[in-house]
>>> print(open('start07.tsv').read())   # TSV, C-alpha atoms and all ligand atoms
chain	number	residue	atom	x	y	z
A	17	MET	CA	0.76	7.09	-19.65
A	18	SER	CA	-0.50	4.53	-22.16
A	19	ALA	CA	-1.66	1.60	-20.03
A	20	SER	CA	-5.25	1.17	-19.00
A	21	ILE	CA	-5.66	0.86	-15.24
A	22	ILE	CA	-7.17	-2.38	-13.98
A	23	ASP	CA	-9.47	-1.11	-11.26
A	24	GLY	CA	-9.49	-3.82	-8.58
A	25	LYS	CA	-11.69	-1.76	-6.30
A	26	ASP	CA	-14.41	-1.47	-8.90
A	27	PHE	CA	-14.13	-5.13	-9.95
A	28	ALA	CA	-14.23	-6.26	-6.31
A	29	ALA	CA	-17.33	-4.12	-5.67
A	30	LYS	CA	-19.10	-5.88	-8.57
A	31	ILE	CA	-18.12	-9.30	-7.23
A	32	LYS	CA	-19.37	-8.37	-3.76
A	33	GLU	CA	-22.69	-7.22	-5.23
A	34	ASN	CA	-22.99	-10.56	-7.01
A	35	ILE	CA	-22.10	-12.39	-3.79
A	36	ALA	CA	-24.80	-10.55	-1.83
A	37	LYS	CA	-27.34	-11.72	-4.46
A	38	GLN	CA	-26.11	-15.30	-4.17
A	39	VAL	CA	-26.38	-15.18	-0.38
A	40	LYS	CA	-29.97	-13.91	-0.68
A	41	ILE	CA	-30.85	-16.88	-2.91
A	42	LEU	CA	-29.16	-19.36	-0.57
A	43	LYS	CA	-31.08	-17.96	2.40
A	44	GLU	CA	-34.45	-17.90	0.65
A	45	LYS	CA	-34.20	-21.18	-1.22
A	46	TYR	CA	-32.15	-23.35	1.12
A	47	ASP	CA	-32.27	-21.56	4.50
A	48	LEU	CA	-28.47	-21.44	4.28
A	49	THR	CA	-26.43	-18.49	5.55
A	50	PRO	CA	-22.74	-19.00	4.68
A	51	GLY	CA	-20.51	-18.41	7.70
A	52	LEU	CA	-16.84	-17.40	7.82
A	53	ALA	CA	-14.73	-17.72	10.98
A	54	VAL	CA	-11.54	-15.69	11.18
A	55	VAL	CA	-8.98	-16.48	13.87
A	56	LEU	CA	-6.45	-13.80	14.77
A	57	VAL	CA	-3.55	-14.45	17.11
A	58	GLY	CA	-1.83	-11.44	18.69
A	59	GLU	CA	-2.11	-7.74	17.98
A	60	ASP	CA	-0.20	-7.13	14.76
A	61	PRO	CA	-1.75	-3.84	13.51
A	62	ALA	CA	-1.76	-4.83	9.82
A	63	SER	CA	-3.42	-8.18	10.62
A	64	GLN	CA	-5.99	-6.43	12.81
A	65	VAL	CA	-6.94	-4.15	9.90
A	66	TYR	CA	-7.24	-7.13	7.50
A	67	VAL	CA	-9.41	-9.08	9.95
A	68	ARG	CA	-11.65	-6.10	10.62
A	69	ASN	CA	-12.12	-5.53	6.86
A	70	LYS	CA	-12.82	-9.21	6.26
A	71	ASN	CA	-15.45	-9.29	8.98
A	72	LYS	CA	-17.09	-6.07	7.76
A	73	SER	CA	-17.27	-7.35	4.17
A	74	THR	CA	-18.67	-10.71	5.31
A	75	LYS	CA	-21.52	-9.02	7.14
A	76	GLU	CA	-22.17	-6.53	4.32
A	77	ALA	CA	-22.66	-9.51	1.99
A	78	GLY	CA	-25.32	-10.88	4.36
A	79	MET	CA	-23.13	-13.74	5.57
A	80	ASN	CA	-22.31	-14.67	9.16
A	81	GLY	CA	-18.89	-13.50	10.31
A	82	TYR	CA	-17.26	-14.90	13.44
A	83	GLU	CA	-14.08	-13.44	14.86
A	84	TYR	CA	-11.84	-15.22	17.39
A	85	LEU	CA	-9.06	-13.18	18.95
A	86	MET	CA	-6.32	-15.05	20.78
A	87	ASP	CA	-3.43	-13.77	22.86
A	88	ASP	CA	0.04	-13.61	21.36
A	89	ASP	CA	1.26	-16.30	23.78
A	90	VAL	CA	-1.55	-18.80	23.06
A	91	SER	CA	-0.22	-22.35	22.73
A	92	GLU	CA	-0.26	-24.22	19.43
A	93	GLU	CA	-2.39	-26.86	21.14
A	94	ILE	CA	-5.12	-24.41	22.15
A	95	LEU	CA	-5.11	-22.78	18.71
A	96	ILE	CA	-5.44	-26.15	17.00
A	97	SER	CA	-8.23	-27.22	19.33
A	98	LYS	CA	-10.11	-23.99	18.39
A	99	VAL	CA	-9.66	-24.84	14.70
A	100	LYS	CA	-10.94	-28.37	15.31
A	101	GLU	CA	-13.97	-27.00	17.15
A	102	LEU	CA	-14.72	-24.76	14.14
A	103	ASN	CA	-14.30	-27.77	11.83
A	104	GLN	CA	-17.22	-29.37	13.67
A	105	ASP	CA	-19.42	-26.25	13.77
A	106	PRO	CA	-22.19	-26.55	11.14
A	107	THR	CA	-22.74	-22.76	11.03
A	108	VAL	CA	-19.11	-22.22	9.97
A	109	HIS	CA	-18.41	-23.03	6.31
A	110	GLY	CA	-15.07	-21.26	5.97
A	111	ILE	CA	-12.16	-20.99	8.40
A	112	LEU	CA	-9.29	-18.56	7.99
A	113	VAL	CA	-6.38	-18.34	10.40
A	114	GLN	CA	-4.71	-14.98	9.81
A	115	LEU	CA	-1.01	-15.32	9.00
A	116	PRO	CA	1.69	-14.75	10.06
A	117	LEU	CA	1.43	-16.58	13.38
A	118	PRO	CA	3.81	-15.96	16.31
A	119	LYS	CA	7.16	-17.77	16.04
A	120	HIS	CA	6.38	-20.43	18.70
A	121	ILE	CA	3.48	-21.78	16.59
A	122	ASN	CA	4.04	-24.13	13.66
A	123	GLU	CA	2.00	-22.51	10.87
A	124	ALA	CA	1.93	-25.65	8.74
A	125	ALA	CA	0.49	-27.69	11.63
A	126	VAL	CA	-2.29	-25.15	12.15
A	127	ILE	CA	-3.15	-25.00	8.43
A	128	GLU	CA	-3.19	-28.82	8.24
A	129	ALA	CA	-5.67	-28.86	11.16
A	130	ILE	CA	-8.27	-26.96	9.12
A	131	ALA	CA	-10.78	-29.25	7.40
A	132	PRO	CA	-9.81	-28.98	3.69
A	133	GLU	CA	-13.42	-28.29	2.65
A	134	LYS	CA	-13.50	-25.29	5.05
A	135	ASP	CA	-10.02	-24.03	4.09
A	136	VAL	CA	-11.19	-20.89	2.24
A	137	ASP	CA	-7.61	-19.61	2.00
A	138	GLY	CA	-6.72	-22.72	-0.01
A	139	PHE	CA	-3.43	-23.26	1.84
A	140	HIS	CA	-4.08	-26.83	3.06
A	141	ILE	CA	-1.83	-29.39	1.42
A	142	ILE	CA	-4.90	-31.23	0.08
A	143	ASN	CA	-6.04	-28.06	-1.65
A	144	SER	CA	-2.60	-27.29	-3.11
A	145	GLY	CA	-2.49	-30.90	-4.32
A	146	LEU	CA	-5.90	-30.56	-5.93
A	147	LEU	CA	-4.85	-27.32	-7.63
A	148	ALA	CA	-1.71	-28.97	-8.97
A	149	THR	CA	-3.56	-31.99	-10.31
A	150	GLY	CA	-6.59	-30.21	-11.76
A	151	GLY	CA	-9.00	-31.26	-8.99
A	152	LYS	CA	-11.83	-29.31	-7.38
A	153	GLY	CA	-10.40	-27.79	-4.22
A	154	MET	CA	-10.32	-24.37	-2.59
A	155	VAL	CA	-8.07	-21.95	-4.50
A	156	PRO	CA	-5.96	-19.30	-2.67
A	157	CYS	CA	-7.75	-15.95	-2.76
A	158	THR	CA	-5.03	-13.57	-3.96
A	159	PRO	CA	-3.92	-15.65	-6.98
A	160	LEU	CA	-7.53	-16.42	-7.89
A	161	GLY	CA	-8.30	-12.68	-7.77
A	162	CYS	CA	-5.34	-12.04	-10.09
A	163	ILE	CA	-6.55	-14.63	-12.60
A	164	MET	CA	-10.04	-13.15	-12.55
A	165	MET	CA	-8.60	-9.70	-13.32
A	166	LEU	CA	-6.44	-11.12	-16.11
A	167	LYS	CA	-9.38	-12.90	-17.73
A	168	GLU	CA	-11.55	-9.80	-17.43
A	169	THR	CA	-8.78	-7.75	-19.10
A	170	LEU	CA	-7.46	-10.18	-21.73
A	171	GLY	CA	-10.19	-12.78	-22.20
A	172	ASN	CA	-8.44	-15.97	-23.25
A	173	LEU	CA	-4.94	-16.36	-21.74
A	174	SER	CA	-4.04	-19.46	-23.75
A	175	GLY	CA	-0.53	-19.48	-25.20
A	176	LEU	CA	0.61	-16.24	-23.55
A	177	ASP	CA	4.04	-16.02	-21.93
A	178	ALA	CA	3.65	-15.30	-18.22
A	179	VAL	CA	6.21	-14.65	-15.51
A	180	VAL	CA	5.48	-14.87	-11.80
A	181	VAL	CA	8.14	-13.08	-9.78
A	182	GLY	CA	8.04	-14.74	-6.33
A	183	ARG	CA	7.61	-18.38	-5.37
A	184	SER	CA	5.83	-18.31	-2.00
A	185	ASN	CA	3.35	-21.03	-1.15
A	186	ILE	CA	0.56	-18.51	-0.68
A	187	VAL	CA	0.98	-16.36	-3.80
A	188	GLY	CA	3.74	-17.25	-6.27
A	189	LYS	CA	3.33	-21.03	-6.59
A	190	PRO	CA	-0.49	-21.17	-6.76
A	191	MET	CA	-0.41	-18.19	-9.15
A	192	ALA	CA	1.91	-20.07	-11.50
A	193	GLN	CA	-0.32	-23.14	-11.28
A	194	LEU	CA	-3.43	-21.15	-12.15
A	195	LEU	CA	-1.69	-19.57	-15.15
A	196	LEU	CA	-0.60	-23.02	-16.28
A	197	ASN	CA	-4.21	-24.20	-15.96
A	198	GLU	CA	-5.13	-21.34	-18.34
A	199	ASN	CA	-2.57	-22.71	-20.83
A	200	CYS	CA	-0.01	-19.95	-20.37
A	201	THR	CA	3.68	-20.70	-20.80
A	202	VAL	CA	4.83	-19.96	-17.27
A	203	THR	CA	8.17	-18.91	-15.83
A	204	ILE	CA	8.61	-18.65	-12.07
A	205	ALA	CA	11.30	-16.13	-11.13
A	206	HIS	CA	12.74	-15.72	-7.63
A	207	SER	CA	15.61	-14.27	-5.64
A	208	ARG	CA	18.20	-16.46	-7.45
A	209	THR	CA	16.88	-15.82	-10.97
A	210	LYS	CA	19.50	-14.46	-13.35
A	211	ASN	CA	18.73	-11.62	-15.77
A	212	LEU	CA	15.30	-10.89	-14.30
A	213	ASP	CA	15.01	-7.88	-16.61
A	214	GLN	CA	15.16	-10.16	-19.66
A	215	VAL	CA	12.77	-12.72	-18.19
A	216	VAL	CA	10.23	-9.97	-17.49
A	217	GLY	CA	10.94	-8.32	-20.85
A	218	ARG	CA	9.74	-11.32	-22.88
A	219	SER	CA	6.52	-11.82	-20.91
A	220	ASP	CA	3.01	-10.91	-22.02
A	221	ILE	CA	1.83	-11.21	-18.41
A	222	VAL	CA	3.88	-10.08	-15.41
A	223	ILE	CA	2.81	-10.96	-11.88
A	224	ALA	CA	4.97	-9.35	-9.20
A	225	ALA	CA	4.67	-10.97	-5.76
A	226	VAL	CA	7.95	-10.24	-4.06
A	227	GLY	CA	7.59	-7.73	-1.24
A	228	VAL	CA	10.41	-5.47	-2.48
A	229	PRO	CA	9.29	-1.91	-3.31
A	230	GLU	CA	9.43	-1.20	-7.07
A	231	LEU	CA	11.77	-4.12	-7.79
A	232	VAL	CA	10.32	-4.59	-11.29
A	233	LYS	CA	11.45	-1.63	-13.35
A	234	GLY	CA	9.20	0.06	-15.87
A	235	SER	CA	11.88	-0.21	-18.57
A	236	TRP	CA	11.76	-4.05	-18.30
A	237	ILE	CA	8.10	-4.30	-19.33
A	238	LYS	CA	7.36	-5.63	-22.82
A	239	PRO	CA	5.26	-3.03	-24.67
A	240	GLY	CA	1.59	-3.91	-24.32
A	241	ALA	CA	2.10	-6.45	-21.51
A	242	THR	CA	-0.41	-6.87	-18.70
A	243	VAL	CA	1.07	-6.20	-15.26
A	244	ILE	CA	-0.46	-7.41	-12.01
A	245	ASP	CA	1.26	-6.01	-8.93
A	246	VAL	CA	0.57	-8.08	-5.80
A	247	GLY	CA	3.15	-6.32	-3.62
A	248	ILE	CA	2.10	-4.14	-0.72
A	249	ASN	CA	5.03	-2.19	0.71
A	250	ARG	CA	4.84	0.70	3.14
A	251	ILE	CA	7.65	3.17	2.53
A	252	LEU	CA	8.66	6.25	4.47
A	253	LYS	CA	8.39	9.56	2.62
A	254	GLU	CA	10.62	12.60	3.19
A	255	ASP	CA	7.87	14.32	5.21
A	256	GLY	CA	7.89	11.43	7.70
A	257	LYS	CA	4.57	10.04	6.48
A	258	THR	CA	4.27	6.62	4.86
A	259	ARG	CA	2.78	5.58	1.54
A	260	LEU	CA	1.99	2.25	-0.08
A	261	VAL	CA	3.87	1.13	-3.17
A	262	GLY	CA	3.84	-2.13	-5.06
A	263	ASP	CA	6.64	-4.35	-6.36
A	264	VAL	CA	6.49	-2.61	-9.75
A	265	GLU	CA	7.74	0.85	-10.64
A	266	PHE	CA	4.21	1.95	-11.47
A	267	ALA	CA	4.52	5.23	-13.42
A	268	ALA	CA	7.32	3.98	-15.68
A	269	ALA	CA	5.65	0.57	-16.19
A	270	ALA	CA	2.38	2.27	-17.11
A	271	GLU	CA	4.21	4.02	-19.99
A	272	ARG	CA	4.90	0.64	-21.63
A	273	ALA	CA	2.24	-1.78	-20.38
A	274	GLY	CA	-1.11	-2.38	-22.05
A	275	ALA	CA	-2.83	-2.68	-18.67
A	276	ILE	CA	-1.64	-2.49	-15.08
A	277	THR	CA	-3.01	-2.75	-11.54
A	278	PRO	CA	-2.35	0.15	-9.17
A	279	VAL	CA	-1.24	-0.16	-5.52
A	280	PRO	CA	-3.40	0.47	-3.59
A	281	GLY	CA	-6.66	-0.29	-5.39
A	282	GLY	CA	-5.59	-3.27	-7.49
A	283	VAL	CA	-5.08	-6.78	-6.15
A	284	GLY	CA	-5.78	-5.93	-2.49
A	285	PRO	CA	-9.56	-5.33	-2.73
A	286	MET	CA	-9.94	-8.43	-4.91
A	287	THR	CA	-8.50	-10.70	-2.22
A	288	ILE	CA	-11.36	-10.03	0.21
A	289	ALA	CA	-14.01	-10.33	-2.52
A	290	VAL	CA	-12.59	-13.73	-3.53
A	291	LEU	CA	-12.53	-14.83	0.11
A	292	LEU	CA	-16.29	-14.24	0.27
A	293	LYS	CA	-16.73	-16.07	-3.04
A	294	ASN	CA	-14.71	-19.02	-1.68
A	295	THR	CA	-16.87	-19.08	1.47
A	296	ILE	CA	-20.04	-19.39	-0.63
A	297	THR	CA	-18.40	-22.10	-2.75
A	298	ALA	CA	-17.42	-23.97	0.43
A	299	ALA	CA	-20.91	-23.62	1.95
A	300	CYS	CA	-22.61	-24.90	-1.22
A	301	ARG	CA	-20.24	-27.86	-1.56
A	302	GLN	CA	-20.71	-28.81	2.10
A	303	LYS	CA	-24.50	-28.75	1.67
A	304	GLY	CA	-24.43	-30.45	-1.74
A	305	ILE	CA	-26.10	-27.42	-3.34
A	306	GLU	CA	-25.22	-26.01	-6.72
A	307	GLN	CA	-23.72	-22.52	-6.32
A	308	PRO	CA	-26.16	-19.90	-7.66
A	309	GLN	CA	-24.86	-18.32	-10.88
A	310	ILE	CA	-25.79	-14.69	-11.39
A	401	LIG	P1	7.23	-13.99	0.51
A	401	LIG	O1	8.23	-13.14	1.25
A	401	LIG	O2	6.72	-15.22	1.13
A	401	LIG	O3	7.85	-14.39	-0.91
A	401	LIG	C1	8.56	-13.46	-1.67
A	401	LIG	C2	9.15	-14.15	-2.88
A	401	LIG	O4	9.87	-13.17	-3.62
A	401	LIG	C3	10.11	-15.27	-2.56
A	401	LIG	O5	9.71	-16.42	-3.24
A	401	LIG	C4	11.48	-14.80	-3.09
A	401	LIG	O6	12.19	-15.82	-3.77
A	401	LIG	C5	11.08	-13.72	-4.07
A	401	LIG	N1	12.11	-12.68	-4.09
A	401	LIG	C6	12.65	-12.03	-3.05
A	401	LIG	N2	13.56	-11.14	-3.48
A	401	LIG	C7	13.59	-11.25	-4.82
A	401	LIG	C8	14.35	-10.58	-5.83
A	401	LIG	N3	15.24	-9.65	-5.54
A	401	LIG	N4	14.11	-10.94	-7.11
A	401	LIG	C9	13.19	-11.86	-7.42
A	401	LIG	N5	12.45	-12.51	-6.50
A	401	LIG	C10	12.66	-12.20	-5.22
A	401	LIG	O7	6.05	-12.98	0.12
A	401	LIG	P2	4.50	-13.26	-0.27
A	401	LIG	O8	3.75	-13.66	0.92
A	401	LIG	O9	4.43	-14.09	-1.51
A	401	LIG	O10	4.05	-11.76	-0.63
A	401	LIG	C11	4.66	-11.03	-1.68
A	401	LIG	C12	4.11	-9.62	-1.67
A	401	LIG	O11	2.72	-9.67	-1.92
A	401	LIG	C13	4.26	-8.88	-0.34
A	401	LIG	O12	4.48	-7.50	-0.61
A	401	LIG	C14	2.92	-9.06	0.32
A	401	LIG	O13	2.61	-8.01	1.21
A	401	LIG	C15	2.02	-9.01	-0.89
A	401	LIG	N6	0.73	-9.71	-0.71
A	401	LIG	C16	-0.38	-9.01	-1.09
A	401	LIG	C17	-1.63	-9.62	-0.99
A	401	LIG	C18	-2.82	-8.85	-1.44
A	401	LIG	O14	-3.93	-9.16	-1.07
A	401	LIG	N7	-2.65	-7.82	-2.26
A	401	LIG	C19	-1.75	-10.91	-0.49
A	401	LIG	C20	-0.57	-11.61	-0.14
A	401	LIG	C21	0.65	-10.99	-0.27
>>> encode(input="start07.tsv", output="structure tokens")
Amino acid sequence: MSASIIDGKDFAAKIKENIAKQVKILKEKYDLTPGLAVVLVGEDPASQVYVRNKNKSTKEAGMNGYEYLMDDDVSEEILISKVKELNQDPTVHGILVQLPLPKHINEAAVIEAIAPEKDVDGFHIINSGLLATGGKGMVPCTPLGCIMMLKETLGNLSGLDAVVVGRSNIVGKPMAQLLLNENCTVTIAHSRTKNLDQVVGRSDIVIAAVGVPELVKGSWIKPGATVIDVGINRILKEDGKTRLVGDVEFAAAAERAGAITPVPGGVGPMTIAVLLKNTITAACRQKGIEQPQI
């Protein structure tokens, strides 16, 4: 294996340490404790694990974490009224509604109900508009975490050829926008893209955000490229147990890449760390305080 491994767990731990220091300063200097409210509808096991981890990390960083659990059959109206109540709550600086929501609820309507300045997931249309036009909004956590890892690994990204495989509103599109903001030449590939192998093969940066186990083959990777694997796929092994794999054929890609994120232990841990960072950013902006730099 020639690639260096981009250790998201280690990087996230450093960010969380830095966040805890920032929270301490905000408490001591401004009597401000950033607060994050997470709303979970239903009992999806994966979502329950995410919410539990988010709440644990929030508290470990010295912030206030609030968790609201709602039944699977809650009406859209009640969910939106909860969001509006949190919009008004001065102790809550960030609101996250865990997706996906049950089919009878219009996700877009719920996201649009979140006050844009408290939308720490960065999914509100105002925030996507600000990202697209170079404004100062809230940036989606997973893509922001990917950019931070890329900058830590490569330094300046200017002029590099980047491909984002996947065009979802929550990962692919904001990821492409962030790469564009870093002056990369960006290609967005998706399920209708022709000759994906060639598109990937000419890219210095490959971001895989598809949700198809090992779709991106190791042999496609340009030698020395940096590979960020966002995919989280649970696959069944022969012994009946499951294991997590990404969207990239890891072992073969690591033979050619310059650097690569593993799954698990790559992008995943960064997402929660960035969520905490976004909550501090939101709290400081709402209070008109400059965010402590450490
Ligand atoms: P999504 O299903 O909303 O979007 C998938 C995208 O992949 C679509 O735009 C589609 O066009 C594209 N696609 C599908 N099949 C393709 C193919 N054969 N070739 C090329 N493109 C194809 O998924 P999402 O929400 O963007 O998530 C993508 C993956 O990232 C999932 O595995 C998800 O679990 C993971 N994810 C991880 C984190 C994290 O914190 N690590 C966060 C969000 C999502």
>>> axis_aligned_box(input="start07.tsv", around="ligand LIG 401 (chain A)", padding_each_side="8 Å", output="AutoDock Vina command-line options")
--center_x 5.7 --center_y -12.0 --center_z -3.1 --size_x 35.2 --size_y 24.9 --size_z 24.7
>>> closest_residue(input="start07.tsv", among="A:Lys119, A:Lys134, A:Lys25, A:Lys253", to="ligand LIG 401 (chain A)", atoms="all atoms listed in the file")
A:Lys25
>>> residues_near_ligand(input="start07.tsv", ligand="ligand LIG 401 (chain A)", cutoff="9 Å", atoms="all atoms listed in the file", output="PyMOL selection string")
chain A and resi 157-159+161+181-189+205-210+212+224-229+231-232+245-249+262-263+279-280+282-288
>>> residues_around(input="start07.tsv", residues="region 170-177 of chain A", least_positions_apart="5", cutoff="9 Å", atoms="all atoms listed in the file", output="ChimeraX atom specification")
/A:165,195-196,198-203,218-222,242
>>> closest_residue(input="start07.tsv", among="A:Ile141, A:His120, A:Lys72, A:Ala53", to="Val99 (chain A)", atoms="all atoms listed in the file")
A:Ala53
>>> residues_around(input="start07.tsv", residues="Thr295 (chain A)", least_positions_apart="3", cutoff="7 Å", atoms="only C-alpha atoms", output="JSON, numbers by chain")
{"A": [50, 52, 109, 110, 136, 291, 292, 298, 299]}
>>> write_last_selection(input="start07.tsv", atoms="C-alpha atoms", output="compact mmCIF listing (two decimals), in the frame of the given file")
# COMPACT_ATOMS: atom_id res chain seq x y z
CA PRO A 50 -22.74 -19.00 4.68
CA LEU A 52 -16.84 -17.40 7.82
CA HIS A 109 -18.41 -23.03 6.31
CA GLY A 110 -15.07 -21.26 5.97
CA VAL A 136 -11.19 -20.89 2.24
CA LEU A 291 -12.53 -14.83 0.11
CA LEU A 292 -16.29 -14.24 0.27
CA ALA A 298 -17.42 -23.97 0.43
CA ALA A 299 -20.91 -23.62 1.95
>>> residues_around(input="start07.tsv", residues="Lys100 (chain A)", least_positions_apart="5", cutoff="12 Å", atoms="only C-alpha atoms", output="ChimeraX atom specification")
/A:93-95,105,108,111,126-132,134
>>> closest_residue(input="start07.tsv", among="A:Gln64, A:Ser235, A:Thr149, A:Asn122", to="Leu194 (chain A)", atoms="all atoms listed in the file")
A:Thr149
>>> closest_residue(input="start07.tsv", among="A:Glu44, A:Glu168, A:Asn71, A:Pro190", to="Gly145 (chain A)", atoms="only C-alpha atoms")
A:Pro190
>>> closest_residue(input="start07.tsv", among="A:Val113, A:Ile310, A:Leu48, A:Ile244", to="Phe266 (chain A)", atoms="all atoms listed in the file")
A:Ile244
>>> residues_around(input="start07.tsv", residues="Ala275 (chain A)", least_positions_apart="6", cutoff="6 Å", atoms="all atoms listed in the file", output="PDB file with C-alpha atoms, in the coordinates of the input")
ATOM      1  CA  ALA A  19      -1.660   1.600 -20.030  1.00  0.00           C
ATOM      2  CA  SER A  20      -5.250   1.170 -19.000  1.00  0.00           C
ATOM      3  CA  ILE A  21      -5.660   0.860 -15.240  1.00  0.00           C
ATOM      4  CA  THR A 242      -0.410  -6.870 -18.700  1.00  0.00           C
TER       5      THR A 242
END
>>> closest_residue(input="start07.tsv", among="A:Ala125, A:Gly81, A:Ala273, A:Val65", to="Ser97 (chain A)", atoms="only C-alpha atoms")
A:Ala125
>>> residues_around(input="start07.tsv", residues="Lys45 (chain A)", least_positions_apart="3", cutoff="12 Å", atoms="all atoms listed in the file", output="ChimeraX atom specification")
/A:38-42,48-49,305-308
>>> atom_distance(input="start07.tsv", atom1="CA of Pro239 (chain A)", atom2="CA of Gly274 (chain A)")
6.9 Å
>>> build_atoms(input="start07.tsv", residues="region 113-119 of chain A", atoms="all heavy atoms", output="PDB file, in the frame of the given file")
ATOM      1  N   VAL A 113      -7.279 -18.718   9.303  1.00  0.00           N
ATOM      2  CA  VAL A 113      -6.380 -18.340  10.400  1.00  0.00           C
ATOM      3  C   VAL A 113      -5.436 -17.288   9.817  1.00  0.00           C
ATOM      4  O   VAL A 113      -4.698 -17.562   8.862  1.00  0.00           O
ATOM      5  CB  VAL A 113      -5.593 -19.551  10.934  1.00  0.00           C
ATOM      6  CG1 VAL A 113      -4.635 -19.111  12.041  1.00  0.00           C
ATOM      7  CG2 VAL A 113      -6.549 -20.625  11.454  1.00  0.00           C
ATOM      8  N   GLN A 114      -5.509 -16.082  10.363  1.00  0.00           N
ATOM      9  CA  GLN A 114      -4.710 -14.980   9.810  1.00  0.00           C
ATOM     10  C   GLN A 114      -3.213 -15.245  10.021  1.00  0.00           C
ATOM     11  O   GLN A 114      -2.776 -15.507  11.135  1.00  0.00           O
ATOM     12  CB  GLN A 114      -5.129 -13.664  10.512  1.00  0.00           C
ATOM     13  CG  GLN A 114      -4.433 -12.436   9.995  1.00  0.00           C
ATOM     14  CD  GLN A 114      -4.813 -12.083   8.552  1.00  0.00           C
ATOM     15  OE1 GLN A 114      -5.975 -12.137   8.172  1.00  0.00           O
ATOM     16  NE2 GLN A 114      -3.825 -11.748   7.741  1.00  0.00           N
ATOM     17  N   LEU A 115      -2.470 -15.154   8.937  1.00  0.00           N
ATOM     18  CA  LEU A 115      -1.010 -15.320   9.000  1.00  0.00           C
ATOM     19  C   LEU A 115      -0.359 -13.938   8.950  1.00  0.00           C
ATOM     20  O   LEU A 115      -0.966 -13.009   8.435  1.00  0.00           O
ATOM     21  CB  LEU A 115      -0.535 -16.182   7.822  1.00  0.00           C
ATOM     22  CG  LEU A 115      -1.163 -17.574   7.710  1.00  0.00           C
ATOM     23  CD1 LEU A 115      -0.599 -18.295   6.485  1.00  0.00           C
ATOM     24  CD2 LEU A 115      -0.967 -18.397   8.960  1.00  0.00           C
ATOM     25  N   PRO A 116       0.839 -13.739   9.429  1.00  0.00           N
ATOM     26  CA  PRO A 116       1.690 -14.750  10.060  1.00  0.00           C
ATOM     27  C   PRO A 116       1.277 -15.021  11.511  1.00  0.00           C
ATOM     28  O   PRO A 116       0.658 -14.185  12.156  1.00  0.00           O
ATOM     29  CB  PRO A 116       3.076 -14.089  10.025  1.00  0.00           C
ATOM     30  CG  PRO A 116       2.788 -12.608  10.065  1.00  0.00           C
ATOM     31  CD  PRO A 116       1.481 -12.420   9.354  1.00  0.00           C
ATOM     32  N   LEU A 117       1.671 -16.211  11.985  1.00  0.00           N
ATOM     33  CA  LEU A 117       1.430 -16.580  13.380  1.00  0.00           C
ATOM     34  C   LEU A 117       2.721 -16.321  14.176  1.00  0.00           C
ATOM     35  O   LEU A 117       3.806 -16.292  13.593  1.00  0.00           O
ATOM     36  CB  LEU A 117       1.049 -18.064  13.456  1.00  0.00           C
ATOM     37  CG  LEU A 117      -0.337 -18.400  12.884  1.00  0.00           C
ATOM     38  CD1 LEU A 117      -0.513 -19.912  12.766  1.00  0.00           C
ATOM     39  CD2 LEU A 117      -1.451 -17.790  13.737  1.00  0.00           C
ATOM     40  N   PRO A 118       2.594 -16.161  15.507  1.00  0.00           N
ATOM     41  CA  PRO A 118       3.810 -15.960  16.310  1.00  0.00           C
ATOM     42  C   PRO A 118       4.794 -17.129  16.123  1.00  0.00           C
ATOM     43  O   PRO A 118       4.388 -18.257  15.800  1.00  0.00           O
ATOM     44  CB  PRO A 118       3.284 -15.935  17.747  1.00  0.00           C
ATOM     45  CG  PRO A 118       1.842 -15.610  17.645  1.00  0.00           C
ATOM     46  CD  PRO A 118       1.363 -16.130  16.319  1.00  0.00           C
ATOM     47  N   LYS A 119       6.069 -16.812  16.329  1.00  0.00           N
ATOM     48  CA  LYS A 119       7.160 -17.770  16.040  1.00  0.00           C
ATOM     49  C   LYS A 119       7.027 -19.135  16.732  1.00  0.00           C
ATOM     50  O   LYS A 119       7.458 -20.156  16.196  1.00  0.00           O
ATOM     51  CB  LYS A 119       8.508 -17.164  16.460  1.00  0.00           C
ATOM     52  CG  LYS A 119       8.917 -15.919  15.687  1.00  0.00           C
ATOM     53  CD  LYS A 119       9.974 -16.244  14.645  1.00  0.00           C
ATOM     54  CE  LYS A 119      10.387 -15.062  13.800  1.00  0.00           C
ATOM     55  NZ  LYS A 119       9.328 -14.353  13.086  1.00  0.00           N
TER      56      LYS A 119
END
